[in-house]
Amino acid sequence: MNKPALFGRMGYMSNEFWSWGLSILGVIGILLVGHKNWRGYLVGILTECAWVAYSIETKQWGFIFGSTIYISAYCLNISKWWDEDRRNRFKNMFTVNPLHNYRKSK
């Protein structure tokens, strides 16, 4: 049995292993995003890059199209999130809280 070049010295790993593993990583990324953790976007983007490599290795070209859409969505959403975060930080710099010193003293 010929070993696919992508897996190199690790030896042959079944397509099922990669499908399950990448799917689980994708779900972890989605859960992190749901908990407002920016690392979820990073996990999602890296997982989609791995899906592209998987699709090239297995010659399943449809995955490349889907992964491109997912990567675009992740990049768009993280940029929106960072812009919103930046605006909120700027807005909160000028917000005066009359109880700020009172809460620190207790």
# chains A, B, ... in the order shown; residues from 1 in each chain; ligands from 1
$ select_by_dssp --residues "range 3-66 of chain A" --states "alpha helix (DSSP H)" --output "ChimeraX atom specification"
/A:15-34,39-58,62-66
$ closest_residue --among "A:Lys91, A:Leu32, A:Gly26, A:Tyr54" --to "Ile71 in chain A" --atoms "only C-alpha atoms"
A:Gly26
$ residues_around --residues "Val52 in chain A" --least-positions-apart "5" --cutoff "12 Å" --atoms "only C-alpha atoms" --output "PyMOL selection string"
chain A and resi 6+18-19+22+45-47+57-71
$ atom_distance --atom1 "CA of Trp38 in chain A" --atom2 "CA of Lys80 in chain A"
11.6 Å
$ residues_around --residues "Tyr41 in chain A" --least-positions-apart "6" --cutoff "7 Å" --atoms "only C-alpha atoms" --output "ChimeraX atom specification"
/A:29,33,74,78
$ atom_distance --atom1 "CA of Gly40 in chain A" --atom2 "CA of Leu25 in chain A"
9.8 Å
$ residues_around --residues "Gly21 in chain A" --least-positions-apart "4" --cutoff "12 Å" --atoms "only C-alpha atoms" --output "compact mmCIF listing (two decimals) with N, CA and C atoms, in the first residue's frame"
# COMPACT_ATOMS: atom_id res chain seq x y z
N MET A 13 -2.31 7.18 7.78
CA MET A 13 -3.45 7.38 8.69
C MET A 13 -4.69 7.42 7.83
N SER A 14 -5.70 6.77 8.26
CA SER A 14 -6.90 6.65 7.43
C SER A 14 -7.59 8.00 7.24
N ASN A 15 -8.31 8.09 6.14
CA ASN A 15 -9.09 9.31 5.87
C ASN A 15 -10.12 9.54 6.96
N GLU A 16 -10.64 8.45 7.51
CA GLU A 16 -11.64 8.58 8.57
C GLU A 16 -11.04 9.27 9.80
N PHE A 17 -9.81 8.91 10.14
CA PHE A 17 -9.12 9.55 11.27
C PHE A 17 -9.03 11.06 11.05
N LEU A 25 -11.73 19.36 15.86
CA LEU A 25 -11.03 20.64 16.02
C LEU A 25 -11.91 21.81 15.59
N GLY A 26 -12.66 21.64 14.52
CA GLY A 26 -13.58 22.69 14.08
C GLY A 26 -14.64 23.01 15.12
N VAL A 27 -15.18 21.97 15.75
CA VAL A 27 -16.18 22.18 16.79
C VAL A 27 -15.57 22.88 18.00
N ILE A 28 -14.34 22.52 18.35
CA ILE A 28 -13.66 23.20 19.46
C ILE A 28 -13.50 24.69 19.14
N THR A 47 -7.74 24.96 11.28
CA THR A 47 -8.44 23.72 10.93
C THR A 47 -8.85 23.72 9.46
N GLU A 48 -9.33 24.86 8.98
CA GLU A 48 -9.72 24.93 7.57
C GLU A 48 -8.51 24.79 6.65
N ALA A 50 -5.98 22.93 7.32
CA ALA A 50 -5.74 21.48 7.33
C ALA A 50 -6.74 20.76 6.43
N TRP A 51 -7.99 21.25 6.38
CA TRP A 51 -8.99 20.65 5.47
C TRP A 51 -8.56 20.83 4.02
N TYR A 54 -5.98 18.27 3.38
CA TYR A 54 -6.65 16.98 3.31
C TYR A 54 -7.33 16.81 1.95
$ atom_distance --atom1 "CA of Ser55 in chain A" --atom2 "CA of Val43 in chain A"
18.2 Å
